[in-house]
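Source file: target29.csv (CSV, C-alpha atoms)
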chain,number,residue,atom,x,y,z
A,90,MET,CA,128.5,-44.8,134.7
A,91,SER,CA,132.2,-45.4,134.4
A,92,LEU,CA,134.6,-45.1,137.4
A,93,VAL,CA,138.1,-43.8,137.3
A,94,ASN,CA,140.7,-46.3,138.5
A,95,PHE,CA,143.1,-44.1,140.5
A,96,THR,CA,145.3,-47.1,141.2
A,97,SER,CA,146.5,-47.1,137.5
A,98,PHE,CA,148.3,-43.7,137.9
A,99,ASP,CA,152.1,-43.9,137.6
A,100,PHE,CA,153.2,-41.5,140.3
A,101,GLU,CA,156.8,-41.9,139.5
A,102,GLN,CA,156.1,-40.7,136.0
A,103,LEU,CA,153.9,-37.9,137.3
A,104,PHE,CA,156.6,-36.4,139.5
A,105,ALA,CA,159.5,-37.4,137.3
A,106,MET,CA,162.0,-34.6,136.5
A,107,SER,CA,163.5,-35.4,133.0
A,108,ASP,CA,163.8,-33.8,129.6
A,109,ASP,CA,160.3,-34.9,128.8
A,110,THR,CA,158.8,-33.5,132.1
A,111,ASN,CA,155.1,-33.9,132.5
A,112,PRO,CA,153.3,-30.5,131.9
A,113,LEU,CA,151.1,-31.2,134.8
A,114,MET,CA,154.1,-31.5,137.0
A,115,MET,CA,155.4,-28.2,135.8
A,116,LEU,CA,152.1,-26.5,136.7
A,117,ILE,CA,152.1,-28.1,140.1
A,118,TRP,CA,155.5,-26.5,140.9
A,119,ILE,CA,155.4,-23.3,138.9
A,120,LEU,CA,151.9,-21.9,139.6
A,121,PRO,CA,152.3,-21.8,143.4
A,122,ILE,CA,155.6,-20.0,143.0
A,123,PHE,CA,154.1,-17.3,140.8
A,124,PHE,CA,151.0,-17.1,143.1
A,125,PHE,CA,153.1,-16.5,146.3
A,126,VAL,CA,155.4,-14.1,144.5
A,127,PHE,CA,152.5,-11.8,143.6
A,128,TYR,CA,150.1,-12.5,146.4
A,129,GLY,CA,152.2,-13.9,149.3
A,130,GLN,CA,152.5,-10.6,151.2
A,131,ARG,CA,148.8,-10.0,150.8
A,132,ILE,CA,147.9,-13.4,152.2
A,133,GLN,CA,150.3,-12.8,155.2
A,134,LEU,CA,148.7,-9.4,155.7
A,135,TYR,CA,145.2,-10.9,155.9
A,136,VAL,CA,146.3,-13.6,158.3
A,137,THR,CA,148.2,-11.2,160.5
A,138,SER,CA,145.3,-8.6,160.3
A,139,GLY,CA,142.9,-11.1,161.8
A,140,GLU,CA,145.0,-11.5,164.9
A,141,ILE,CA,145.6,-7.8,165.3
A,142,LYS,CA,141.9,-7.0,164.8
A,143,LYS,CA,141.1,-9.2,167.8
A,144,GLY,CA,143.6,-7.2,169.9
A,145,ILE,CA,142.2,-3.9,168.7
A,146,LYS,CA,138.7,-5.1,169.6
A,147,LYS,CA,139.9,-5.8,173.1
A,148,LEU,CA,141.6,-2.4,173.4
A,149,ASP,CA,138.3,-0.8,172.4
A,150,GLU,CA,136.5,-2.7,175.1
A,151,PHE,CA,139.2,-1.7,177.7
A,152,ARG,CA,138.9,2.0,176.9
A,153,ASN,CA,135.1,2.0,176.9
A,154,GLU,CA,135.1,0.1,180.2
A,155,SER,CA,137.6,2.5,181.8
A,156,ARG,CA,135.5,5.5,180.7
A,157,ASP,CA,132.3,3.9,182.0
A,158,GLU,CA,134.0,3.0,185.4
A,159,LEU,CA,135.2,6.6,185.7
A,160,ILE,CA,131.8,8.1,185.0
A,161,SER,CA,130.2,5.6,187.4
A,162,TYR,CA,132.7,6.5,190.1
A,163,VAL,CA,132.2,10.3,189.7
A,164,ASN,CA,128.4,10.0,189.7
A,165,LYS,CA,128.3,7.6,192.7
A,166,ASN,CA,131.0,9.0,195.0
A,167,LEU,CA,131.4,12.7,194.0
A,168,LYS,CA,127.8,13.5,193.3
A,169,PRO,CA,128.5,16.3,190.8
A,170,ALA,CA,125.9,19.1,190.4
A,171,ASP,CA,126.0,18.9,186.5
A,172,ASP,CA,126.3,16.1,184.0
A,173,PRO,CA,130.1,15.1,184.2
A,174,ILE,CA,130.2,13.2,180.9
A,175,PRO,CA,131.1,16.2,178.6
A,176,LYS,CA,133.9,17.3,180.8
A,177,ILE,CA,135.2,13.7,181.3
A,178,ASP,CA,135.2,13.1,177.5
A,179,ARG,CA,137.2,16.3,177.1
A,180,PHE,CA,139.7,15.3,179.8
A,181,ILE,CA,140.2,11.8,178.3
A,182,ASP,CA,141.2,13.3,174.9
A,183,TYR,CA,143.7,15.8,176.4
A,184,PHE,CA,147.3,15.4,175.1
A,185,THR,CA,150.7,16.7,176.1
A,186,ILE,CA,153.3,18.1,173.6
A,187,MET,CA,156.8,17.7,174.8
A,188,PRO,CA,159.2,20.7,174.3
A,189,VAL,CA,161.7,21.0,171.5
A,190,GLU,CA,164.8,18.9,172.0
A,191,MET,CA,167.1,20.4,169.3
A,192,ASP,CA,168.9,22.3,172.0
A,193,PRO,CA,169.0,19.9,175.0
A,194,ASN,CA,170.2,22.6,177.4
A,195,GLY,CA,167.4,23.0,180.0
A,196,ILE,CA,165.2,20.3,178.5
A,197,VAL,CA,164.5,18.6,181.9
A,198,ASP,CA,163.2,21.8,183.4
A,199,LYS,CA,161.0,22.4,180.4
A,200,VAL,CA,159.6,18.8,180.5
A,201,GLN,CA,159.0,19.1,184.3
A,202,HIS,CA,157.2,22.4,183.8
A,203,ILE,CA,154.9,20.9,181.2
A,204,VAL,CA,154.2,17.7,183.1
A,205,ARG,CA,153.5,19.5,186.3
A,206,SER,CA,151.3,22.1,184.6
A,207,ARG,CA,149.3,19.2,183.1
A,208,GLU,CA,148.9,17.6,186.5
A,209,ASP,CA,147.8,20.8,188.2
A,210,TYR,CA,145.4,21.6,185.4
A,211,THR,CA,143.9,18.1,185.5
A,212,ARG,CA,143.6,18.2,189.3
A,213,GLU,CA,141.8,21.5,189.4
A,214,HIS,CA,139.4,20.5,186.6
A,215,VAL,CA,138.6,17.2,188.2
A,216,ARG,CA,137.9,19.1,191.4
A,217,SER,CA,135.5,21.3,189.5
A,218,LEU,CA,133.3,18.3,189.0
A,219,SER,CA,132.5,18.4,192.7
A,220,PRO,CA,134.3,21.2,194.7
A,221,GLN,CA,133.5,19.5,198.0
A,222,MET,CA,135.3,16.3,197.3
A,223,SER,CA,138.2,15.2,199.7
A,224,ASP,CA,141.8,15.1,198.6
A,225,ILE,CA,141.7,11.3,198.7
A,226,GLU,CA,138.7,11.1,196.4
A,227,LEU,CA,140.3,13.7,194.1
A,228,SER,CA,143.5,11.5,193.8
A,229,LYS,CA,141.4,8.4,193.0
A,230,ALA,CA,139.4,10.2,190.3
A,231,GLN,CA,142.6,11.7,188.9
A,232,THR,CA,144.2,8.3,188.7
A,233,LEU,CA,141.1,6.7,187.0
A,234,LEU,CA,141.2,9.6,184.5
A,235,GLU,CA,144.8,8.9,183.7
A,236,ILE,CA,144.1,5.2,183.2
A,237,ALA,CA,141.1,6.0,180.9
A,238,SER,CA,143.2,8.6,179.0
A,239,SER,CA,146.1,6.2,178.5
A,240,LEU,CA,143.9,3.4,177.2
A,241,GLN,CA,142.2,5.8,174.9
A,242,MET,CA,145.6,6.9,173.4
A,243,ILE,CA,146.8,3.3,173.1
A,244,TYR,CA,143.7,2.3,171.2
A,245,LYS,CA,144.0,5.3,168.8
A,246,ILE,CA,147.7,4.6,168.1
A,247,ILE,CA,147.4,0.9,167.5
A,248,ASN,CA,144.2,1.3,165.4
A,249,HIS,CA,145.9,4.0,163.3
A,250,MET,CA,148.9,1.8,162.6
A,251,TYR,CA,146.6,-1.1,161.7
A,252,LEU,CA,144.4,0.9,159.4
A,253,THR,CA,147.3,2.5,157.7
A,254,ALA,CA,149.0,-0.8,156.9
A,255,LYS,CA,145.7,-2.3,155.7
A,256,LYS,CA,144.9,0.7,153.5
A,257,GLN,CA,148.3,0.5,151.8
A,258,ASN,CA,148.3,-3.4,151.7
A,259,ASN,CA,151.7,-3.1,153.2
A,260,TYR,CA,152.8,-6.2,155.1
A,261,PRO,CA,156.2,-4.8,156.3
A,262,LEU,CA,154.4,-1.9,157.8
A,263,ILE,CA,152.2,-4.2,159.9
A,264,LEU,CA,155.2,-6.3,161.1
A,265,PRO,CA,156.3,-3.9,163.9
A,266,LEU,CA,152.7,-3.8,165.1
A,267,GLN,CA,152.5,-7.6,165.2
A,268,MET,CA,155.7,-7.7,167.3
A,269,ILE,CA,154.8,-5.1,169.9
A,270,LEU,CA,151.1,-6.0,170.3
A,271,PRO,CA,151.6,-8.7,172.9
A,272,PHE,CA,153.5,-6.2,175.2
A,273,ILE,CA,150.8,-3.5,174.5
A,274,MET,CA,148.0,-6.0,175.4
A,275,GLU,CA,149.8,-7.0,178.6
A,276,GLN,CA,150.1,-3.4,179.8
A,277,SER,CA,146.5,-2.6,178.7
A,278,GLU,CA,145.0,-5.6,180.5
A,279,ALA,CA,147.0,-4.6,183.7
A,280,MET,CA,145.6,-1.0,183.5
A,281,LYS,CA,142.1,-2.3,183.0
A,282,GLU,CA,142.4,-4.6,186.1
A,283,ALA,CA,143.9,-1.7,188.1
A,284,ILE,CA,140.7,0.3,187.9
A,285,SER,CA,138.9,-1.6,190.6
A,286,VAL,CA,141.9,-1.5,192.9
A,287,PHE,CA,142.3,2.3,192.7
A,288,LYS,CA,138.5,2.8,193.1
A,289,LYS,CA,138.6,0.9,196.4
A,290,GLY,CA,141.8,2.7,197.5
A,291,GLN,CA,143.7,-0.6,197.9
A,292,PRO,CA,147.5,-0.7,197.7
A,293,VAL,CA,149.2,-1.8,194.5
A,294,GLY,CA,152.5,-3.6,194.0
A,295,ASP,CA,154.2,-0.3,193.2
A,296,GLY,CA,153.4,0.9,196.7
A,297,ILE,CA,155.9,-1.4,198.4
A,298,GLY,CA,158.4,1.4,198.8
A,299,PRO,CA,156.0,3.8,200.5
A,300,MET,CA,154.6,0.9,202.6
A,301,ILE,CA,158.1,0.1,204.0
A,302,VAL,CA,158.9,3.7,204.8
A,303,GLY,CA,155.3,4.2,206.1
A,304,LYS,CA,155.9,1.5,208.6
A,305,MET,CA,159.0,3.2,209.7
A,306,MET,CA,157.0,6.4,210.2
A,307,LEU,CA,154.4,5.0,212.5
A,308,GLU,CA,153.8,6.8,215.8
A,309,SER,CA,156.1,9.6,214.7
A,310,LYS,CA,155.4,13.3,214.1
A,311,LYS,CA,154.8,14.0,210.4
A,312,GLU,CA,155.3,17.1,208.4
A,313,THR,CA,154.7,18.1,204.8
A,314,ILE,CA,158.1,18.6,203.1
A,315,ALA,CA,156.8,19.1,199.5
A,316,PHE,CA,153.6,18.8,197.5
A,317,GLN,CA,151.8,15.6,198.6
A,318,THR,CA,155.0,14.5,200.2
A,319,THR,CA,155.5,13.6,203.9
A,320,LEU,CA,158.6,13.8,206.1
A,321,VAL,CA,159.4,12.2,209.4
A,322,LYS,CA,162.7,12.8,211.4
A,323,SER,CA,163.9,9.7,213.3
A,324,GLU,CA,167.0,8.1,214.7
A,325,PHE,CA,168.6,4.7,214.3
A,326,GLU,CA,171.7,3.6,216.3
A,327,GLY,CA,173.0,7.1,216.7
A,328,ARG,CA,172.3,8.2,213.1
A,329,LYS,CA,169.7,10.8,212.1
A,330,LEU,CA,167.1,9.6,209.6
A,331,PHE,CA,164.9,11.6,207.2
A,332,LEU,CA,162.1,9.4,206.1
A,333,VAL,CA,160.3,10.6,202.9
A,334,LYS,CA,157.2,9.1,201.1
A,335,ALA,CA,154.2,10.3,199.2
A,336,GLU,CA,151.3,11.4,201.4
A,337,GLY,CA,148.9,8.5,201.8
A,338,PRO,CA,146.5,7.0,201.6
A,339,GLY,CA,145.6,9.0,198.5
A,340,SER,CA,146.7,7.7,195.1
A,341,THR,CA,149.8,9.8,194.4
A,342,VAL,CA,153.6,9.5,194.0
A,343,GLY,CA,154.3,12.9,195.6
A,344,ARG,CA,157.4,14.9,194.7
A,345,PRO,CA,160.3,13.2,196.5
A,346,ALA,CA,162.9,15.2,194.6
A,347,ASP,CA,161.5,18.5,195.9
A,348,GLY,CA,161.5,17.0,199.4
A,349,LEU,CA,165.1,15.9,199.1
A,350,GLU,CA,166.2,19.3,197.8
A,351,LYS,CA,164.7,21.0,200.8
A,352,ILE,CA,166.2,18.5,203.2
A,353,VAL,CA,169.7,18.8,201.7
A,354,SER,CA,169.5,22.6,201.7
A,355,GLU,CA,169.0,22.6,205.5
A,356,ASN,CA,171.0,19.6,206.6
A,357,LYS,CA,174.3,17.8,205.8
A,358,ILE,CA,173.3,14.5,204.3
A,359,ASP,CA,175.8,11.6,204.2
A,360,ALA,CA,173.8,9.0,202.2
A,361,ILE,CA,170.5,8.5,200.4
A,362,ILE,CA,168.7,5.2,200.3
A,363,MET,CA,165.8,4.7,197.9
A,364,ILE,CA,163.3,1.9,198.0
A,365,ASP,CA,161.1,1.1,195.0
A,366,ALA,CA,159.5,-1.6,192.9
A,367,ALA,CA,161.3,-2.7,189.8
A,368,LEU,CA,160.1,-4.7,186.7
A,369,LYS,CA,161.4,-8.3,186.9
A,370,MET,CA,162.9,-10.0,183.9
A,371,GLU,CA,161.3,-13.0,182.4
A,372,GLY,CA,162.5,-16.0,184.4
A,373,GLU,CA,163.0,-14.1,187.6
A,374,ASP,CA,160.7,-14.7,190.6
A,375,SER,CA,158.3,-12.1,191.8
A,376,ALA,CA,159.0,-10.4,195.1
A,377,THR,CA,162.8,-11.0,195.0
A,378,VAL,CA,164.8,-8.2,196.5
A,379,ALA,CA,167.9,-6.7,195.0
A,380,ARG,CA,170.4,-4.0,196.0
A,381,GLY,CA,172.1,-1.5,193.8
A,382,PHE,CA,173.4,2.0,193.4
A,383,GLY,CA,171.8,5.0,191.9
A,384,ALA,CA,168.4,6.7,192.0
A,385,ALA,CA,165.7,4.0,191.9
A,386,ILE,CA,162.7,5.9,190.6
A,387,GLY,CA,160.6,5.6,187.4
A,388,GLY,CA,158.5,8.0,185.5
A,389,ILE,CA,159.6,10.2,182.6
A,390,GLY,CA,162.9,11.0,184.2
A,391,THR,CA,162.6,14.5,185.6
A,392,GLU,CA,162.5,13.4,189.3
A,393,LYS,CA,165.4,11.0,188.7
A,394,PHE,CA,167.4,13.8,187.1
A,395,GLN,CA,166.7,16.2,189.9
A,396,ILE,CA,167.7,13.6,192.6
A,397,GLU,CA,170.9,12.7,190.7
A,398,ALA,CA,171.8,16.4,190.3
A,399,ILE,CA,171.3,17.1,194.1
A,400,ALA,CA,173.4,14.0,195.0
A,401,THR,CA,176.2,15.0,192.6
A,402,SER,CA,176.4,18.6,193.7
A,403,LYS,CA,176.7,17.5,197.4
A,404,ASN,CA,178.8,14.4,196.7
A,405,ILE,CA,176.2,12.2,198.4
A,406,PRO,CA,176.2,8.4,197.6
A,407,VAL,CA,172.8,7.0,196.5
A,408,PHE,CA,171.9,3.4,197.4
A,409,SER,CA,168.8,1.6,196.2
A,410,ILE,CA,166.8,-1.5,197.2
A,411,VAL,CA,164.2,-2.8,194.7
A,412,VAL,CA,161.4,-5.4,194.9
A,413,LYS,CA,161.0,-7.2,191.6
A,414,GLN,CA,157.6,-7.7,190.1
A,415,SER,CA,155.8,-7.8,186.7
A,416,VAL,CA,154.0,-5.0,185.0
A,417,LYS,CA,150.6,-6.4,186.1
A,418,GLU,CA,151.7,-6.8,189.7
A,419,ALA,CA,153.0,-3.3,189.8
A,420,ILE,CA,149.7,-1.6,189.1
A,421,THR,CA,147.2,-4.2,190.4
A,422,LEU,CA,146.4,-5.3,194.0
A,423,MET,CA,149.6,-5.9,195.9
A,424,THR,CA,150.2,-9.7,196.3
A,425,LYS,CA,150.9,-11.3,199.6
A,426,GLU,CA,154.4,-12.3,198.4
A,427,ILE,CA,155.3,-8.7,197.7
A,428,ALA,CA,153.8,-7.4,200.9
A,429,ASP,CA,155.7,-10.0,202.9
A,430,THR,CA,159.0,-8.6,201.7
A,431,ALA,CA,158.4,-5.4,203.8
A,432,ASP,CA,160.1,-6.7,207.0
A,433,SER,CA,163.0,-8.2,205.1
A,434,VAL,CA,163.6,-5.0,203.1
A,435,ARG,CA,163.5,-3.0,206.3
A,436,GLU,CA,166.2,-5.2,207.8
A,437,GLN,CA,168.3,-4.7,204.7
A,438,VAL,CA,167.9,-1.0,205.0
A,439,ASN,CA,169.2,-1.1,208.5
A,440,GLU,CA,172.1,-3.2,207.3
A,441,MET,CA,172.9,-0.7,204.6
A,442,ILE,CA,172.9,2.1,207.1
A,443,ARG,CA,175.3,0.2,209.4
A,444,GLU,CA,177.6,-0.7,206.5
A,445,ASN,CA,177.8,2.7,204.8
A,446,THR,CA,177.5,5.3,207.6
A,447,THR,CA,178.8,5.9,211.1
A,448,GLN,CA,177.2,7.3,214.2
A,449,GLY,CA,176.4,11.0,214.0
A,450,GLN,CA,175.8,11.0,210.3
A,451,SER,CA,172.4,11.7,208.5
A,452,ILE,CA,170.6,9.5,206.0
A,453,VAL,CA,167.6,10.2,203.8
A,454,ILE,CA,165.4,7.2,203.1
A,455,ILE,CA,162.9,7.6,200.3
A,456,GLY,CA,159.9,5.2,199.7
A,457,VAL,CA,159.2,5.6,196.0
A,458,GLY,CA,156.0,4.6,194.3
A,459,ASN,CA,152.2,5.1,194.3
A,460,THR,CA,151.1,5.3,197.9
A,461,GLY,CA,147.4,4.6,197.2
A,462,GLY,CA,146.0,2.7,200.2
A,463,VAL,CA,149.2,3.1,202.2
A,464,PRO,CA,149.0,5.6,205.1
A,465,GLN,CA,151.9,6.7,207.2
Is it possible to give me this structure as C-alpha cells?
Amino acid sequence: MSLVNFTSFDFEQLFAMSDDTNPLMMLIWILPIFFFVFYGQRIQLYVTSGEIKKGIKKLDEFRNESRDELISYVNKNLKPADDPIPKIDRFIDYFTIMPVEMDPNGIVDKVQHIVRSREDYTREHVRSLSPQMSDIELSKAQTLLEIASSLQMIYKIINHMYLTAKKQNNYPLILPLQMILPFIMEQSEAMKEAISVFKKGQPVGDGIGPMIVGKMMLESKKETIAFQTTLVKSEFEGRKLFLVKAEGPGSTVGRPADGLEKIVSENKIDAIIMIDAALKMEGEDSATVARGFGAAIGGIGTEKFQIEAIATSKNIPVFSIVVKQSVKEAITLMTKEIADTADSVREQVNEMIRENTTQGQSIVIIGVGNTGGVPQ
C-alpha cells in the first residue's frame, strides 16, 4: 500500500493566477460560480422554507388549540343542548367582505354597517348555542370565537403564501413572508395566551382605560348610554363630568362614539378626554404614560372617525392619555406595572381638566378598551 505525501503539494502553484493557470484552480473558482448562478435561489428557498415551515406548524397548533379551548368552554360552561362543534366550525370560517372603495363618499358608514352586522349576527348565533347563557358568558364566548377565527385566517394566509412560493420555486416571492413572519408569530402567540385570560374573565392590558374610568364611577348612579356602554354623571371642582366606558365586566369595547353622540346632542361639551392603551415602540418601557391630542382609540377606524366628526362639528378639543405596552401585554393578563399606573393617570386627568377648562364647563371622559374583568 502506498501513501500519498500531502506535504509535497506546492500550494503557491496550485492557487497561482498566471498565464499557465492550473486547470484545477479554474474549476475551483468557476464551478461554484455557475452552481450558484443557476441554483443559488433554490438553495436560499430551501433554507428559508425550513424556517417558515416551523412557524406555520406553530400557527397550525395555535389555531387547533384555540378551537379546542372554545369547544371545551362552550361544553363546560354553556351546556348546549346539541353538539356545538358543527356550528362553531362554521363560525370560525366566516369572513367579512369590505365595501367597494372606488367612491370613498360614505365609505365609513358602509364599513360600520358591515362590521356591526357581523357582530350582531355572531352574537345571536353564539347565543343560539345556549339561549339561557348570561350576557357575560356570551361576551366571553364571542371573544374566544374571534380569537379562534383570527388564528384560523392567519394560518390560512401564511400557509397559502408559503405553498405558492414553494410551488413556483420563487425565492423573491417568499422574501416578504420571511420578513413579516416574526411579527405575525408575536401577535399569534399573544392571541393564544389571551385565551385563558378571557376564559377566566380577567382584565387585560388594553383594559387600563376602562379600569381608570371605572374607578371614577364607583358608588355613582350608572345608566346605559349606548349598546354595551355605561355613563355616569359626576362633578369635579365645579365642572360637570360625563364618564363613559364599556359595560363591564363582560369582554366588550362597547360603542363609545354612539355614547358621545348622544351626550353632545343633549349637552354643551367643552372638552373630551380619552384614556387608552397604546403600543409602545421598541426601546420604550412598558407602562409609561404619555399625553397627546386627538382621538385615542384603535379598531378599524369607524369609531375614531365618528368621534372626530362629532368633535369637529361642535368645535370640541380632544385630549388623550395613553399607557404604553406591547402587543402581548395589551391582550394578555394585565401586568402589575400597567395596573399601578391607574392612580397616576387619574391625577393627570384631573390636571388636564384644570389646565384646559374652567368652572361651569362640561367634560366627557372616555375609557377606551376591552373592559373584560373590569366592572364599574
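Counting only C-alpha atoms, the residue from A:Leu134, A:Ile454, A:Ile141, A:Ile420 that sits nearest to A:Leu262 is A:Leu134.
Shortest atom-to-atom contact with A:Gln221 among A:Ala384, A:Ala283, A:Val416, A:Leu167: A:Leu167, counting only C-alpha atoms.
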Give me the residues near stretch 345-362 of chain A as number ranges by chain, where near means some atom within 7 Å (using all atoms listed in the file) and where sequence neighbours in that chain fewer than 3 positions away do not count. A: 314-315, 318, 333-334, 392, 395-396, 399, 405-409, 450-455
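Between atom CA of A:Lys329 and atom CA of A:Lys304 lies a distance of 17.0 Å.
Distance-wise, atom CA of A:Gly303 and atom CA of A:Gln276 end up 27.9 Å apart.
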Using all atoms listed in the file, find each residue of stretch 389-414 of chain A with at least one atom at most 12 Å away from an atom of stretch 428-439 of chain A; report its shortest atom-to-atom pair and that distance in Å (one decimal), sort the rows by chain and rising residue number, and return the result as a tab-separated table.
residue	atom	partner	partner_atom	distance
A:Phe408	CA	A:Val438	CA	9.6
A:Ser409	CA	A:Val438	CA	9.2
A:Ile410	CA	A:Val434	CA	7.6
A:Val411	CA	A:Val434	CA	8.7
A:Val412	CA	A:Thr430	CA	7.9
A:Lys413	CA	A:Thr430	CA	10.4
A:Gln414	CA	A:Ala428	CA	11.5
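Take atom CA of A:Met423 and atom CA of A:Val302: the distance between them is 16.1 Å.
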For A:His214, please output as a PyMOL selection string all residues within 12 Å (counting only C-alpha atoms; exclusion window: fewer than 3 positions along the same chain). chain A and resi 173+176-177+179-180+207-211+217-220+227+230-231+234
Give me the residues near A:Pro338 as a ChimeraX atom specification, where near means some atom within 12 Å (using only C-alpha atoms) and where sequence neighbours in that chain fewer than 2 positions away do not count. /A:223-229,287,289-293,296,299-300,303,317-319,334-336,340-343,459-465
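Non-sequential neighbours of A:Pro271 (distance at most 12 Å, separation of 4 or more positions within a chain, only C-alpha atoms) are A:Glu140, A:Ile141, A:Lys143, A:Gly144, A:Ile145, A:Leu148, A:Ile247, A:Pro265, A:Leu266, A:Gln267, A:Glu275, A:Gln276, A:Ser277, A:Glu278.
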Keeping C-alpha atoms for every residue in the selection just given, could you write it to a file as a CSV table (one decimal), in the frame of the given file?
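Final file, result07.csv:
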chain,number,residue,atom,x,y,z
A,140,GLU,CA,145.0,-11.5,164.9
A,141,ILE,CA,145.6,-7.8,165.3
A,143,LYS,CA,141.1,-9.2,167.8
A,144,GLY,CA,143.6,-7.2,169.9
A,145,ILE,CA,142.2,-3.9,168.7
A,148,LEU,CA,141.6,-2.4,173.4
A,247,ILE,CA,147.4,0.9,167.5
A,265,PRO,CA,156.3,-3.9,163.9
A,266,LEU,CA,152.7,-3.8,165.1
A,267,GLN,CA,152.5,-7.6,165.2
A,275,GLU,CA,149.8,-7.0,178.6
A,276,GLN,CA,150.1,-3.4,179.8
A,277,SER,CA,146.5,-2.6,178.7
A,278,GLU,CA,145.0,-5.6,180.5
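The smallest atom-to-atom distance between A:Lys281 and any of A:Asp192, A:Ala237, A:Gly337, A:Lys199, using only C-alpha atoms, is found for A:Ala237.
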Could you give me, as a ChimeraX atom specification, the residues within 9 Å of A:Thr137, counting only C-alpha atoms and dropping anything in the same chain fewer than 6 positions from it? /A:260,263-264,267
My list of candidates is A:Lys417, A:Glu235, A:Glu440, A:Thr377. Which is closest to A:Phe272 when distances are computed with all atoms listed in the file? A:Lys417
Enumerate, as an NGL selection string, the protein, DNA and RNA residues whose atoms approach (158.2, 3.7, 195.5) to within 6 Å, taking into account only C-alpha atoms and the coordinate frame of the file. :A and (296 or 298-299 or 364-365 or 456-458)
Can you sort out stretch 317-333 of chain A so it carries N, CA and C atoms, written as a PDB file, keeping the file's coordinate frame?
ATOM      1  N   GLN A 317     152.240  16.986 198.401  1.00  0.00           N
ATOM      2  CA  GLN A 317     151.800  15.600 198.600  1.00  0.00           C
ATOM      3  C   GLN A 317     152.927  14.690 199.025  1.00  0.00           C
ATOM      4  N   THR A 318     153.861  15.237 199.799  1.00  0.00           N
ATOM      5  CA  THR A 318     155.000  14.500 200.200  1.00  0.00           C
ATOM      6  C   THR A 318     155.243  14.683 201.741  1.00  0.00           C
ATOM      7  N   THR A 319     155.407  13.587 202.475  1.00  0.00           N
ATOM      8  CA  THR A 319     155.500  13.600 203.900  1.00  0.00           C
ATOM      9  C   THR A 319     156.929  13.320 204.397  1.00  0.00           C
ATOM     10  N   LEU A 320     157.320  13.973 205.504  1.00  0.00           N
ATOM     11  CA  LEU A 320     158.600  13.800 206.100  1.00  0.00           C
ATOM     12  C   LEU A 320     158.493  13.427 207.574  1.00  0.00           C
ATOM     13  N   VAL A 321     159.322  12.480 208.022  1.00  0.00           N
ATOM     14  CA  VAL A 321     159.400  12.200 209.400  1.00  0.00           C
ATOM     15  C   VAL A 321     160.932  12.132 209.790  1.00  0.00           C
ATOM     16  N   LYS A 322     161.280  12.793 210.885  1.00  0.00           N
ATOM     17  CA  LYS A 322     162.700  12.800 211.400  1.00  0.00           C
ATOM     18  C   LYS A 322     162.760  11.729 212.477  1.00  0.00           C
ATOM     19  N   SER A 323     163.731  10.839 212.340  1.00  0.00           N
ATOM     20  CA  SER A 323     163.900   9.700 213.300  1.00  0.00           C
ATOM     21  C   SER A 323     165.337   9.467 213.558  1.00  0.00           C
ATOM     22  N   GLU A 324     165.586   8.463 214.378  1.00  0.00           N
ATOM     23  CA  GLU A 324     167.000   8.100 214.700  1.00  0.00           C
ATOM     24  C   GLU A 324     167.107   6.572 214.647  1.00  0.00           C
ATOM     25  N   PHE A 325     168.329   6.141 214.323  1.00  0.00           N
ATOM     26  CA  PHE A 325     168.600   4.700 214.300  1.00  0.00           C
ATOM     27  C   PHE A 325     170.094   4.511 214.646  1.00  0.00           C
ATOM     28  N   GLU A 326     170.347   3.925 215.790  1.00  0.00           N
ATOM     29  CA  GLU A 326     171.700   3.600 216.300  1.00  0.00           C
ATOM     30  C   GLU A 326     172.647   4.795 216.144  1.00  0.00           C
ATOM     31  N   GLY A 327     172.202   5.923 216.662  1.00  0.00           N
ATOM     32  CA  GLY A 327     173.000   7.100 216.700  1.00  0.00           C
ATOM     33  C   GLY A 327     173.097   7.888 215.401  1.00  0.00           C
ATOM     34  N   ARG A 328     172.291   7.518 214.427  1.00  0.00           N
ATOM     35  CA  ARG A 328     172.300   8.200 213.100  1.00  0.00           C
ATOM     36  C   ARG A 328     170.908   8.920 212.980  1.00  0.00           C
ATOM     37  N   LYS A 329     170.908  10.036 212.307  1.00  0.00           N
ATOM     38  CA  LYS A 329     169.700  10.800 212.100  1.00  0.00           C
ATOM     39  C   LYS A 329     169.070  10.363 210.759  1.00  0.00           C
ATOM     40  N   LEU A 330     167.794   9.998 210.778  1.00  0.00           N
ATOM     41  CA  LEU A 330     167.100   9.600 209.600  1.00  0.00           C
ATOM     42  C   LEU A 330     166.058  10.574 209.144  1.00  0.00           C
ATOM     43  N   PHE A 331     165.986  10.807 207.843  1.00  0.00           N
ATOM     44  CA  PHE A 331     164.900  11.600 207.200  1.00  0.00           C
ATOM     45  C   PHE A 331     164.113  10.685 206.360  1.00  0.00           C
ATOM     46  N   LEU A 332     162.916  10.338 206.813  1.00  0.00           N
ATOM     47  CA  LEU A 332     162.100   9.400 206.100  1.00  0.00           C
ATOM     48  C   LEU A 332     161.091  10.164 205.200  1.00  0.00           C
ATOM     49  N   VAL A 333     161.072   9.831 203.916  1.00  0.00           N
ATOM     50  CA  VAL A 333     160.300  10.600 202.900  1.00  0.00           C
ATOM     51  C   VAL A 333     159.410   9.592 202.138  1.00  0.00           C
TER      52      VAL A 333
END
